[in-house]
Structures are given as structure tokens and as C-alpha cells.
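For reference, my_file.txt (compact mmCIF, C-alpha atoms):
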```
# COMPACT_ATOMS: atom_id res chain seq x y z
CA MET A 1 -72.97 178.86 -52.38
CA ALA A 2 -73.77 175.80 -54.45
CA ARG A 3 -74.16 173.82 -51.25
CA ARG A 4 -77.49 175.20 -50.33
CA GLU A 5 -79.00 174.04 -53.58
CA ASN A 6 -77.76 170.49 -52.98
CA PRO A 7 -78.64 169.62 -49.38
CA GLU A 8 -77.11 166.57 -47.66
CA ILE A 9 -79.18 163.49 -47.00
CA ASN A 10 -80.12 163.44 -43.35
CA ALA A 11 -78.12 160.66 -41.76
CA GLY A 12 -79.40 161.31 -38.27
CA SER A 13 -81.71 158.30 -38.15
CA MET A 14 -78.91 155.99 -39.22
CA ALA A 15 -77.60 156.17 -35.67
CA ASP A 16 -80.99 155.11 -34.33
CA ILE A 17 -81.08 152.05 -36.51
CA ALA A 18 -77.54 151.12 -35.59
CA PHE A 19 -78.27 151.66 -31.89
CA LEU A 20 -81.28 149.38 -32.10
CA LEU A 21 -79.18 146.59 -33.58
CA LEU A 22 -76.38 147.30 -31.13
CA ILE A 23 -78.66 146.98 -28.14
CA PHE A 24 -80.06 143.73 -29.50
CA PHE A 25 -76.60 142.20 -29.77
CA LEU A 26 -75.54 143.65 -26.43
CA VAL A 27 -78.43 141.85 -24.76
CA THR A 28 -78.04 138.51 -26.51
CA THR A 29 -74.28 138.28 -26.31
CA THR A 30 -72.56 136.02 -23.82
CA MET A 31 -68.91 136.74 -23.44
CA ASP A 32 -67.91 133.73 -21.38
CA VAL A 33 -65.37 131.45 -22.95
CA ASP A 34 -66.04 127.84 -22.20
CA SER A 35 -63.20 126.58 -20.10
CA GLY A 36 -62.82 123.69 -17.75
CA ILE A 37 -60.76 120.90 -16.33
CA SER A 38 -60.10 118.47 -19.13
CA LYS A 39 -60.07 114.78 -18.43
CA LYS A 40 -59.49 111.76 -20.53
CA LEU A 41 -61.56 108.76 -19.58
CA ALA A 42 -60.10 105.31 -19.61
CA GLU A 43 -61.43 102.96 -22.23
CA LYS A 44 -63.90 100.36 -21.18
CA PRO A 45 -61.99 97.32 -20.02
CA PRO A 46 -62.74 94.12 -21.90
CA LYS A 47 -64.60 91.32 -20.13
CA ASN A 48 -62.69 89.30 -17.57
CA TYR A 49 -59.93 91.83 -17.75
CA ASP A 50 -57.21 91.22 -15.22
CA PRO A 51 -55.87 94.52 -13.91
CA PRO A 52 -52.11 94.67 -13.64
CA LYS A 53 -50.62 94.28 -10.21
CA ILE A 54 -49.42 97.56 -8.83
CA LYS A 55 -47.36 97.93 -5.70
CA GLU A 56 -49.21 99.72 -2.98
CA LYS A 57 -46.44 102.21 -2.46
CA ASN A 58 -46.98 103.50 -5.99
CA ILE A 59 -50.60 104.38 -5.32
CA PHE A 60 -51.68 107.63 -3.73
CA GLN A 61 -55.13 106.79 -2.45
CA ILE A 62 -57.52 109.70 -1.98
CA SER A 63 -60.98 109.06 -0.62
CA ILE A 64 -63.68 111.68 -0.27
CA ASN A 65 -66.61 110.85 1.96
CA ARG A 66 -70.14 112.18 1.81
CA ASN A 67 -69.32 114.99 4.22
CA ASN A 68 -66.68 116.20 1.78
CA GLU A 69 -63.85 115.14 4.04
CA LEU A 70 -60.61 113.91 2.59
CA PHE A 71 -58.71 110.78 3.53
CA VAL A 72 -55.30 110.35 2.02
CA ASP A 73 -53.58 107.01 2.46
CA GLY A 74 -55.82 106.42 5.46
CA ASP A 75 -55.34 109.74 7.23
CA VAL A 76 -57.61 112.77 7.36
CA MET A 77 -56.20 115.64 5.36
CA GLU A 78 -57.21 119.24 4.75
CA LEU A 79 -57.76 120.30 1.15
CA LYS A 80 -55.02 122.90 1.36
CA ASP A 81 -52.40 120.28 2.25
CA LEU A 82 -53.30 118.00 -0.64
CA LYS A 83 -51.15 119.69 -3.25
CA ALA A 84 -47.98 119.48 -1.17
CA ALA A 85 -48.66 115.84 -0.34
CA ALA A 86 -49.25 114.98 -3.99
CA ILE A 87 -46.03 116.71 -5.04
CA LYS A 88 -44.09 114.87 -2.38
CA PHE A 89 -45.54 111.57 -3.53
CA VAL A 90 -45.04 112.03 -7.28
CA ASP A 91 -41.61 113.59 -7.02
CA ASN A 92 -40.27 111.00 -4.61
CA GLY A 93 -38.32 108.87 -7.08
CA GLY A 94 -37.39 106.10 -4.69
CA GLY A 95 -36.69 103.39 -7.25
CA VAL A 96 -36.61 102.36 -10.88
CA GLY A 97 -39.32 103.56 -13.22
CA ASN A 98 -41.06 102.11 -16.23
CA PRO A 99 -38.92 102.23 -19.38
CA MET A 100 -39.42 105.39 -21.42
CA PRO A 101 -40.58 104.84 -25.01
CA GLY A 102 -37.67 103.75 -27.16
CA GLU A 103 -35.79 102.31 -24.25
CA THR A 104 -35.86 98.79 -22.98
CA LYS A 105 -34.85 99.27 -19.39
CA GLY A 106 -36.33 101.53 -16.78
CA LYS A 107 -34.05 104.05 -15.19
CA GLU A 108 -33.93 105.81 -11.89
CA CYS A 109 -35.48 109.23 -11.80
CA ASP A 110 -32.57 111.61 -12.32
CA TYR A 111 -34.68 114.78 -12.28
CA CYS A 112 -36.78 114.15 -9.19
CA GLY A 113 -36.33 116.51 -6.29
CA GLY A 114 -37.97 114.30 -3.70
CA GLU A 115 -36.70 112.47 -0.67
CA ARG A 116 -36.10 109.15 -2.45
CA ASP A 117 -37.95 107.36 0.28
CA PRO A 118 -38.09 103.67 -0.68
CA GLY A 119 -41.50 103.43 1.00
CA SER A 120 -43.09 105.93 -1.37
CA SER A 121 -43.45 106.02 -5.16
CA ASP A 122 -40.68 104.62 -7.37
CA HIS A 123 -40.83 106.99 -10.27
CA PRO A 124 -43.20 109.70 -11.55
CA ASN A 125 -44.24 107.45 -14.42
CA LYS A 126 -45.21 104.73 -11.97
CA ALA A 127 -46.94 106.99 -9.46
CA ILE A 128 -50.69 106.59 -9.66
CA ILE A 129 -53.15 108.90 -7.97
CA SER A 130 -56.44 107.23 -7.37
CA ILE A 131 -59.56 109.08 -6.32
CA GLU A 132 -62.41 107.29 -4.68
CA SER A 133 -65.51 109.28 -3.97
CA ASP A 134 -68.81 108.56 -2.38
CA ARG A 135 -71.88 109.01 -4.55
CA ALA A 136 -73.12 111.76 -2.27
CA THR A 137 -69.92 113.77 -2.38
CA GLU A 138 -70.44 117.31 -3.56
CA TYR A 139 -69.30 117.93 -7.11
CA GLY A 140 -67.58 121.16 -6.04
CA THR A 141 -65.29 119.29 -3.67
CA TYR A 142 -64.50 116.70 -6.31
CA VAL A 143 -63.53 119.38 -8.80
CA THR A 144 -61.40 121.10 -6.19
CA VAL A 145 -59.51 117.88 -5.53
CA GLN A 146 -58.95 117.37 -9.26
CA ASN A 147 -57.77 120.93 -9.54
CA GLU A 148 -55.29 120.57 -6.68
CA LEU A 149 -53.82 117.44 -8.24
CA LEU A 150 -53.48 119.07 -11.64
CA SER A 151 -51.84 122.08 -10.10
CA ALA A 152 -49.40 119.77 -8.29
CA TYR A 153 -48.45 118.23 -11.64
CA SER A 154 -48.14 121.58 -13.36
CA GLU A 155 -45.88 122.83 -10.58
CA LEU A 156 -43.59 119.82 -11.03
CA ARG A 157 -43.60 120.24 -14.81
CA ASN A 158 -42.86 123.94 -14.54
CA LYS A 159 -39.95 123.27 -12.22
CA LEU A 160 -38.40 120.65 -14.47
CA CYS A 161 -38.93 122.74 -17.57
CA GLN A 162 -37.35 125.75 -15.93
CA LYS A 163 -34.33 123.66 -15.07
CA LYS A 164 -34.01 122.03 -18.49
CA TYR A 165 -34.98 124.77 -20.92
CA GLY A 166 -35.02 127.98 -18.89
CA ILE A 167 -38.71 128.74 -19.33
CA SER A 168 -41.78 127.47 -17.52
CA PHE A 169 -43.85 124.66 -18.99
CA THR A 170 -46.89 126.93 -19.28
CA GLU A 171 -44.91 129.32 -21.49
CA LEU A 172 -43.41 126.45 -23.46
CA GLU A 173 -46.84 125.00 -24.21
CA GLU A 174 -48.12 128.44 -25.09
CA SER A 175 -45.37 129.06 -27.63
CA TYR A 176 -45.88 125.58 -29.07
CA LYS A 177 -49.55 126.37 -29.57
CA ASP A 178 -48.68 129.73 -31.09
CA SER A 179 -46.49 127.99 -33.65
CA GLY A 180 -49.59 126.16 -34.83
CA ARG A 181 -48.38 122.88 -33.31
CA LYS A 182 -45.82 122.62 -36.07
CA ASP A 183 -42.52 123.51 -34.46
CA GLN A 184 -40.80 120.13 -34.12
CA ASP A 185 -38.24 121.34 -31.61
CA LEU A 186 -40.89 122.73 -29.27
CA LYS A 187 -42.97 119.62 -29.76
CA ARG A 188 -40.11 117.44 -28.67
CA LYS A 189 -39.58 119.55 -25.56
CA VAL A 190 -43.27 119.52 -24.61
CA GLU A 191 -43.48 115.76 -25.08
CA SER A 192 -40.37 115.13 -23.05
CA ILE A 193 -41.68 117.14 -20.10
CA LYS A 194 -45.06 115.45 -20.35
CA LEU A 195 -43.39 112.06 -20.34
CA SER A 196 -41.27 112.96 -17.36
CA TYR A 197 -44.33 113.72 -15.27
CA PRO A 198 -47.29 111.93 -16.85
CA GLN A 199 -50.61 112.70 -15.21
CA ILE A 200 -51.93 109.39 -13.98
CA ILE A 201 -55.13 110.14 -12.13
CA THR A 202 -57.81 107.49 -11.99
CA ASP A 203 -61.34 107.63 -10.67
CA LEU A 204 -62.58 104.56 -8.92
CA ASP A 205 -66.22 103.66 -9.12
CA PRO A 206 -68.15 105.13 -6.24
CA THR A 207 -68.35 103.26 -2.99
CA SER A 208 -71.99 103.37 -2.03
CA ASP A 209 -75.42 104.65 -2.88
CA GLY A 210 -75.88 107.86 -1.04
CA ASN A 211 -79.52 108.81 -1.08
CA MET B 1 -59.04 187.86 -42.59
CA SER B 2 -62.69 188.61 -42.68
CA LYS B 3 -63.42 185.01 -43.51
CA PHE B 4 -61.95 183.72 -40.27
CA LYS B 5 -63.86 186.23 -38.22
CA LYS B 6 -67.10 185.10 -39.76
CA LYS B 7 -66.60 181.53 -38.65
CA LYS B 8 -66.06 182.41 -35.05
CA SER B 9 -69.25 184.30 -34.73
CA GLY B 10 -72.37 182.21 -34.27
CA GLN B 11 -72.53 178.76 -32.59
CA GLN B 12 -72.21 175.85 -34.96
CA ALA B 13 -73.84 172.51 -34.16
CA ILE B 14 -71.46 169.62 -33.52
CA SER B 15 -71.57 167.27 -36.42
CA THR B 16 -73.10 163.92 -35.50
CA ALA B 17 -72.43 162.43 -38.86
CA SER B 18 -69.68 160.17 -37.51
CA LEU B 19 -71.87 158.85 -34.71
CA PRO B 20 -73.28 156.06 -36.88
CA ASP B 21 -69.73 155.03 -37.72
CA ILE B 22 -68.85 154.66 -34.07
CA VAL B 23 -72.05 152.79 -33.32
CA PHE B 24 -71.55 150.52 -36.32
CA MET B 25 -68.07 149.71 -35.15
CA LEU B 26 -69.42 148.63 -31.76
CA LEU B 27 -72.23 146.79 -33.50
CA PHE B 28 -69.86 144.77 -35.64
CA PHE B 29 -67.75 143.95 -32.62
CA PHE B 30 -70.73 142.51 -30.79
CA MET B 31 -72.03 140.77 -33.88
CA VAL B 32 -68.74 138.97 -34.29
CA THR B 33 -68.25 138.02 -30.66
CA THR B 34 -71.80 137.03 -29.90
CA VAL B 35 -72.70 133.41 -29.33
CA MET B 36 -76.37 132.67 -29.45
CA ARG B 37 -77.58 130.37 -26.76
CA GLU B 38 -78.78 127.31 -28.54
CA THR B 39 -80.74 125.60 -25.85
CA ASP B 40 -83.23 126.80 -23.31
CA LEU B 41 -82.13 125.85 -19.86
CA LYS B 42 -84.63 123.62 -18.16
CA ILE B 43 -82.56 123.70 -15.02
CA ASP B 44 -81.45 126.61 -12.92
CA SER B 45 -78.31 128.05 -14.39
CA PRO B 46 -75.56 125.92 -12.81
CA ARG B 47 -73.27 127.62 -10.35
CA LEU B 48 -70.01 126.28 -11.71
CA PRO B 49 -67.25 125.32 -9.31
CA SER B 50 -64.08 127.34 -9.57
CA ALA B 51 -60.65 126.04 -10.50
CA THR B 52 -57.31 127.41 -11.56
CA GLU B 53 -55.92 124.72 -13.84
CA VAL B 54 -58.39 125.27 -16.65
CA LYS B 55 -58.05 124.70 -20.34
CA LYS B 56 -60.05 126.53 -22.94
CA LEU B 57 -62.38 124.49 -25.06
CA GLU B 58 -61.46 124.78 -28.69
CA HIS B 59 -63.64 124.04 -31.70
CA LYS B 60 -67.06 124.99 -30.41
CA SER B 61 -68.81 122.86 -33.01
CA LEU B 62 -67.22 119.70 -31.63
CA VAL B 63 -68.44 120.25 -28.09
CA SER B 64 -71.59 118.65 -26.80
CA THR B 65 -72.81 120.01 -23.52
CA ILE B 66 -74.53 118.18 -20.70
CA TYR B 67 -76.09 120.29 -17.98
CA VAL B 68 -76.54 119.08 -14.44
CA GLY B 69 -78.41 121.04 -11.80
CA LYS B 70 -81.73 121.70 -10.13
CA ALA B 71 -84.69 121.40 -12.48
CA LYS B 72 -86.90 124.44 -12.75
CA ASP B 73 -89.93 122.19 -12.84
CA ALA B 74 -90.57 120.87 -9.34
CA LYS B 75 -91.80 117.49 -10.56
CA TYR B 76 -88.20 116.42 -11.15
CA GLY B 77 -87.39 116.96 -7.48
CA THR B 78 -85.48 119.68 -5.73
CA LYS B 79 -82.07 118.06 -5.73
CA PHE B 80 -79.28 119.36 -7.91
CA ASN B 81 -79.04 116.14 -9.89
CA SER B 82 -81.26 116.63 -12.92
CA ILE B 83 -79.55 116.09 -16.23
CA GLN B 84 -80.45 118.17 -19.26
CA LEU B 85 -79.63 117.03 -22.78
CA ASN B 86 -80.61 119.32 -25.63
CA ASP B 87 -83.96 120.74 -24.63
CA LYS B 88 -85.25 118.33 -22.09
CA ILE B 89 -84.57 116.76 -18.75
CA ALA B 90 -83.17 113.29 -19.28
CA THR B 91 -81.84 110.26 -17.47
CA PRO B 92 -78.32 108.84 -17.78
CA GLU B 93 -79.78 106.15 -20.06
CA ASP B 94 -80.42 108.79 -22.72
CA ILE B 95 -76.79 109.87 -22.91
CA PRO B 96 -75.52 107.28 -25.45
CA ALA B 97 -78.29 108.26 -27.86
CA PHE B 98 -77.48 111.92 -27.33
CA ILE B 99 -73.79 111.39 -28.08
CA LEU B 100 -74.48 109.27 -31.16
CA ASN B 101 -76.82 111.96 -32.40
CA GLU B 102 -74.15 114.62 -31.89
CA ARG B 103 -71.68 112.48 -33.80
CA GLN B 104 -73.89 112.39 -36.86
CA GLN B 105 -73.59 116.13 -37.16
CA VAL B 106 -69.83 116.18 -37.69
CA SER B 107 -67.67 114.51 -40.27
CA GLU B 108 -66.17 111.15 -39.46
CA ALA B 109 -62.63 112.46 -39.28
CA GLU B 110 -63.55 114.85 -36.50
CA ILE B 111 -65.22 112.34 -34.20
CA PRO B 112 -62.08 111.60 -32.16
CA PHE B 113 -61.79 115.29 -31.34
CA MET B 114 -65.28 115.60 -29.97
CA THR B 115 -65.43 116.73 -26.39
CA THR B 116 -68.22 116.44 -23.91
CA SER B 117 -68.50 119.42 -21.63
CA ILE B 118 -70.27 118.88 -18.34
CA LYS B 119 -71.73 121.98 -16.80
CA ALA B 120 -72.71 120.85 -13.37
CA ASP B 121 -73.77 122.79 -10.33
CA LYS B 122 -71.27 122.64 -7.52
CA GLU B 123 -73.87 121.14 -5.20
CA SER B 124 -74.71 118.27 -7.51
CA SER B 125 -73.39 114.93 -6.39
CA VAL B 126 -70.47 112.96 -7.75
CA GLY B 127 -72.82 110.00 -8.22
CA THR B 128 -74.55 111.76 -11.09
CA LEU B 129 -71.21 112.55 -12.65
CA THR B 130 -70.18 108.92 -12.30
CA ASP B 131 -73.36 107.75 -14.03
CA ILE B 132 -72.64 110.13 -16.89
CA ARG B 133 -69.03 109.04 -17.02
CA LEU B 134 -69.88 105.36 -17.27
CA LYS B 135 -72.41 106.02 -20.04
CA LEU B 136 -69.89 108.13 -21.95
CA ARG B 137 -67.37 105.36 -21.65
CA ASP B 138 -69.87 102.92 -23.12
CA VAL B 139 -70.05 104.92 -26.34
CA ASN B 140 -66.34 105.69 -26.35
CA ALA B 141 -66.74 109.44 -25.86
CA LEU B 142 -63.59 109.72 -23.83
CA LYS B 143 -62.74 113.40 -23.97
CA LEU B 144 -64.37 115.16 -21.10
CA SER B 145 -64.27 118.68 -19.81
CA LEU B 146 -65.61 119.66 -16.43
CA SER B 147 -66.73 123.21 -16.91
CA THR B 148 -65.51 125.62 -14.26
CA GLN B 149 -65.06 129.28 -13.56
CA LYS B 150 -61.65 130.71 -13.14
CA GLY B 151 -60.73 131.44 -9.58
CA SER B 152 -59.21 130.01 -6.49
CA SER B 153 -60.94 126.87 -5.36
CA ILE B 154 -59.91 126.77 -1.73
CA SER B 155 -61.84 129.18 0.37
CA LYS B 156 -60.54 128.07 3.72
```
Please render this file's structure as C-alpha cells.
Amino acid sequence: MARRENPEINAGSMADIAFLLLIFFLVTTTMDVDSGISKKLAEKPPKNYDPPKIKEKNIFQISINRNNELFVDGDVMELKDLKAAAIKFVDNGGGVGNPMPGETKGKECDYCGGERDPGSSDHPNKAIISIESDRATEYGTYVTVQNELLSAYSELRNKLCQKKYGISFTELEESYKDSGRKDQDLKRKVESIKLSYPQIITDLDPTSDGN
Amino acid sequence: MSKFKKKKSGQQAISTASLPDIVFMLLFFFMVTTVMRETDLKIDSPRLPSATEVKKLEHKSLVSTIYVGKAKDAKYGTKFNSIQLNDKIATPEDIPAFILNERQQVSEAEIPFMTTSIKADKESSVGTLTDIRLKLRDVNALKLSLSTQKGSSISK
């Protein structure tokens, strides 16, 4: 019976205050995580820089015109076929590649699953994908092309990683990140896959003024 | 026995004392996850292109964002090629200054990890992107992220 003499403090309005704050944060919050296609730009070439000579067969030339149409090595191509074509080109392995770091002589690609056509790329580390786009090309198309090329590379990397280490490259990278980028064994594996299929995608300067 | 019978008789109000606890829990969740928008958009919110091979941007404080899209103010034209830096519509010539300014806000050791995120509308033209790219290259801001939504990019 002592309770009645000592009444509780009314906490009913506490909920109101908390609700007010809650609604404020609900309205201002944005949940989207910033994500995107990451690119690394090439450094500015020095003056009178002489670009190295590259054999034409090692270049996969993609042009996008102002109507968002794709030309690959001179032929019209649909966007959905681009990934397969890029895989075929990169994974061809028709010759001797650039020497891997720590080695002096280039070797043939012993992990490539391609046709080894001597008329296509020599080695994944020599295969260059070059994108040339008109100034008036839509940004959406450009991003789609970039995305298709990256997904071609990630498919190749996943395949090789599955063969070598039994897990996909995506999982391997994930577990490397989870280890706080400290696990030396995982690091070595990630680097070796990355070196096997380096992403060499260059953007040429645009062809014309499209206004 | 009589004590138990007493309790059953008469409707007791449901205690709402734990309601504030629940609300506070939600409140703290939103307080922690919330990101305040720092800049007012002077352009229409860009409709980002979609892609599947995306990487998350880490270290929010090292990201400087460039918006590209249609300006809300009609005097900048109706095309989707207006560039917004900080709080105002700018030209590609302003980008080096913008990047150098962003660099002053972080410590010197972190400068190589700075990333420029481009949030461009999918109807903007590649020419604008190229202008930005060349300017970024001039000031050696080489890490770039083309902001996208997650999703399949081929609709055909």
C-alpha cells in the first residue's frame, strides 16, 4: 500500500519527444551507399611522349557513335554480345606475353581457355581494350559498355581462381578484405589472379564535337 | 488464492512504459546511419545509370563529388550537361581549383587515397565526362568512381 503514497513519474510524454526526434531522422536520412564503377586514370603523358608501338591484333577497338551504336573492330555489334567478344579476345592467348614481374622472359599463357588464334591477342597481359566515344554519346551507354567489359574480366578471373584455388575471385577478394588486408597468403593469391588478367581498358579522347 | 482472483477481475491498462525504449532504439539506429546531405542540388537529381560490377566507396571523407545533370535554373540551358561543384553550377575550368580545395581538407598522407565520384545523369554526354576527366588528370586526381545504381544494365 506504500505505492499509492509514492506515485511514479509520468513517462508518457517521453515517447512523444522520442517520436519527434525519430521522425526528424527518418526524414533526413538517406540510406543509399555510394557505389560505382571505379576507374583509374592514366597519368598525364609528358611532352613529346612517344607512345609504345602495339600490334594491332592486341587491341580490341570499341567505338561508340552519337546514336549509341557500337562498332567493335570495325563491325556493328549489339551491347549484349560485347561481353562474349571481350572474353574471347582477352582469353585468346595466341602468343607470348609480357614477362611477369620477377621474370625476364615472357611466357605463353598456360591458363587461357581461348582458341589460341594467332590473329587475335597474344596474352591477357598484352590485350588492350580501347574505347573511343563520340562527345555526344550518352553517358548511360558508356557506363554500360564499361560495365560489360569489367564483367568480362571478372568472369575470367572467377574462372581462373576457381580452377587454381577452388573458390571464386569475388569470394577470395571478400575474404582478403575481411582479414583487414593483412593475410599475406590471401594477398598473394589475389595479386596473382589480378596479374593473370590485368584490366587494361583505355579511353581515347573523343572524336568530334557533337553539339 | 483470493489474491489471484482479485487480479483477474477488472481490466488493467497495458503498460506503455517500454514504448520510449523501443522508440529510442529506433531513434539511435537512424541517428547512427543517417548521412546529412551536405550540398543543395542545383541540378535535377541525376538518374544514375545502372551497372552490376560496382564497388563500394570507402572512406566517405576522402570522396569529393561532382554532379552532372540538368540545371534547375533554365538559364544554364536544358541539356543534361551542367556541372555542379559544391554549391554552384560550374565549368570544367573550375575543377582543378575544386580538387585542390578538397585536398587541403585532408592530411597529406591521405591525398593519394582521395577519390572523385562523378554522379552523372544517364542522358548526359560523354563529352562532359571527358572534359572532367582531362581536368582531373591535370591535377593528378586519378582515382575516379562513376556512380551507378545496382541493377542490370542491358534492357534489350
What is the distance between atom CA of B:Leu27 and atom CA of B:His59, in Å to one decimal? 24.4 Å
Determine, counting all atoms listed in the file, which protein, DNA and RNA residues have an atom within 8 Å of an atom of B:Leu26; residues of the same chain fewer than 4 positions away are not included. Present the result as number ranges by chain. A: 22; B: 22, 30
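With only C-alpha atoms taken into account, chain A has A:Ala15, A:Leu22, A:Phe25, A:Thr29, A:Asp34, A:Ser35, A:Gly36, A:Ile37, A:Ser38, A:Lys39, A:Lys40, A:Leu41, A:Arg135, A:Ala136, A:Thr137, A:Glu138, A:Tyr139, A:Gly140, A:Thr144, A:Asn147 at most 6 Å from chain B.
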Expressed in Å to a single decimal, how great is the separation between atom CA of A:Gly114 and atom CA of A:Gly94? 8.3 Å
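Between atom CA of A:Glu108 and atom CA of A:Asp122 the separation is 8.2 Å.
Across B:Ser45, B:Asn86, B:Ser15, B:Asn81, the tightest approach to B:Asn101 is made by B:Asn86 when counting all atoms listed in the file.
The closest residue to A:Ile200, picked from A:Tyr111, A:Tyr153, A:Tyr142, A:Phe24 and counting all atoms listed in the file, is A:Tyr153.
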Of the candidates A:Arg116, A:Leu186, A:Glu78, A:Ile131, which one gets nearest to A:Val143 if we count all atoms listed in the file? A:Ile131
Please determine the residues with any atom at most 12 Å from (-41.2, 112.7, -16.5) (coordinates as given in the file, with only C-alpha atoms counting) and report them as an MDAnalysis selection string. chainID A and resid 90:91 93 97:101 107:113 123:127 153:154 156:161 164 189:200
